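Visitor: Just passing along the structure, written as structure tokens.
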Amino acid sequence: MEISQYQIVLVNLDPTIGSEIKKTRPCVVISPDEMNKYLMTIVIAPMTTSSKKYPTRVEVKHENKIGWIILDQIRTIDKQRIIKDLGRLSKPEIKAVKEIIRETYVD
């Protein structure tokens, strides 16, 4: 499966330790296409449907449900954890993700 940045994929995140987000859930691919093409790992941000509004979370609509991209739980995973493709973020959602990443990790 070809993986691209801002694609939504179903990922098995188990096993986890402590407060890491767990179970099989949708995740957004954060790593750029150049990395996704050549490495066996990708960088993802998990998604959830049960969250409060935090400055590090982006609200999105996916499969007719409101959910959040959890940018405070970004992690690197092996591509073997990916189960299937679920779609892609919209342009406004991508813009919001970029803004939160910039605010949280760059500035």
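Letters A, B, ... go to the chains of the structure tokens in the order shown; residues in each chain start at 1; ligands are counted from 1 in the same order.
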What's around Val9 (chain A) at 9 Å? Count only C-alpha atoms, leave out sequence neighbours fewer than 3 positions away in its own chain, and write the answer as a list in words.
Guide: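 These residues fall inside the cut-off: Ile3, Arg25, Pro26, Cys27, Val28, Val29, Ile82, Ile83, Lys84, Asp85, Leu86, Gly87 and Arg88 of chain A.
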Visitor: Using only C-alpha atoms, what does the table of region 65-95 of chain A residues within 10 Å of region 35-51 of chain A look like, with each row giving the shortest atom pair and its distance in Å to one decimal, sorted by chain and ascending number, as CSV?
Guide:
residue,atom,partner,partner_atom,distance
A:Lys65,CA,A:Thr49,CA,7.5
A:Ile66,CA,A:Thr49,CA,6.4
A:Gly67,CA,A:Thr49,CA,4.2
A:Trp68,CA,A:Thr48,CA,5.4
A:Ile69,CA,A:Met47,CA,4.5
A:Ile70,CA,A:Pro46,CA,5.6
A:Leu71,CA,A:Ala45,CA,5.6
A:Asp72,CA,A:Ala45,CA,8.0
A:Gln73,CA,A:Ala45,CA,6.2
A:Ile74,CA,A:Ala45,CA,4.5
A:Arg75,CA,A:Ile44,CA,5.6
A:Thr76,CA,A:Val43,CA,4.3
A:Ile77,CA,A:Thr41,CA,5.4
A:Asp78,CA,A:Thr41,CA,4.3
A:Lys79,CA,A:Thr41,CA,5.4
A:Gln80,CA,A:Met40,CA,8.3
A:Arg81,CA,A:Thr41,CA,9.5
A:Ile82,CA,A:Ile42,CA,9.9
Visitor: Output C-alpha atoms of each residue in that selection to a file, as a compact mmCIF listing (two decimals), in the first residue's frame.
Guide:
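Result saved to again-v5.txt:
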# COMPACT_ATOMS: atom_id res chain seq x y z
CA LYS A 65 -18.55 11.22 12.97
CA ILE A 66 -16.94 14.13 14.77
CA GLY A 67 -13.52 13.23 16.11
CA TRP A 68 -10.16 14.68 17.01
CA ILE A 69 -6.64 14.24 15.74
CA ILE A 70 -4.47 13.88 18.84
CA LEU A 71 -1.32 15.82 17.97
CA ASP A 72 0.03 15.43 21.52
CA GLN A 73 0.35 11.66 20.89
CA ILE A 74 2.38 11.69 17.64
CA ARG A 75 4.45 8.52 17.26
CA THR A 76 6.49 6.53 14.78
CA ILE A 77 5.16 3.11 13.78
CA ASP A 78 6.22 0.31 11.47
CA LYS A 79 4.08 0.10 8.32
CA GLN A 80 3.15 -3.46 9.33
CA ARG A 81 0.79 -1.94 11.92
CA ILE A 82 -1.42 -0.47 9.13
Visitor: Which residue gives the smallest distance to Ile8 (chain A) among A:Glu93, A:Glu99, A:Glu20, A:Asp107, with only C-alpha atoms counted?
Guide: A:Glu93
Visitor: Please identify the alpha helix (DSSP H) residues within chain A (assignment by DSSP from backbone atoms) and present them as a PyMOL selection string.
Guide: chain A and resi 33-38+91-101
Visitor: Please identify all polymer residues within 9 Å of Ser90 (chain A), counting only C-alpha atoms, omitting same-chain residues fewer than 4 positions from it, and present them as an MDAnalysis selection string.
Guide: chainID A and resid 6 60 94:95
Visitor: Limited to C-alpha atoms, could you put the picked residues into a file as an mmCIF file, in the first residue's frame?
Guide:
data_model
loop_
_atom_site.group_PDB
_atom_site.id
_atom_site.type_symbol
_atom_site.label_atom_id
_atom_site.label_comp_id
_atom_site.auth_asym_id
_atom_site.auth_seq_id
_atom_site.Cartn_x
_atom_site.Cartn_y
_atom_site.Cartn_z
ATOM 1 C CA TYR A 6 -2.466 13.385 5.550
ATOM 2 C CA VAL A 60 -12.378 16.620 12.110
ATOM 3 C CA ILE A 94 -4.758 19.763 6.723
ATOM 4 C CA LYS A 95 -4.334 23.505 7.263
#
Visitor: Point out the residue among A:Thr56, A:Ser19, A:Ser31, A:Thr24 with the least atom-to-atom distance to Gln7 (chain A), counting only C-alpha atoms.
Guide: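 Of A:Thr56, A:Ser19, A:Ser31, A:Thr24, the one nearest Gln7 (chain A) is A:Ser31, counting only C-alpha atoms.
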Visitor: Just the number, please: distance in Å from CA of Ala96 (chain A) to CA of Glu59 (chain A), one decimal.
Guide: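 Here the two named atoms are 8.8 Å from each other.
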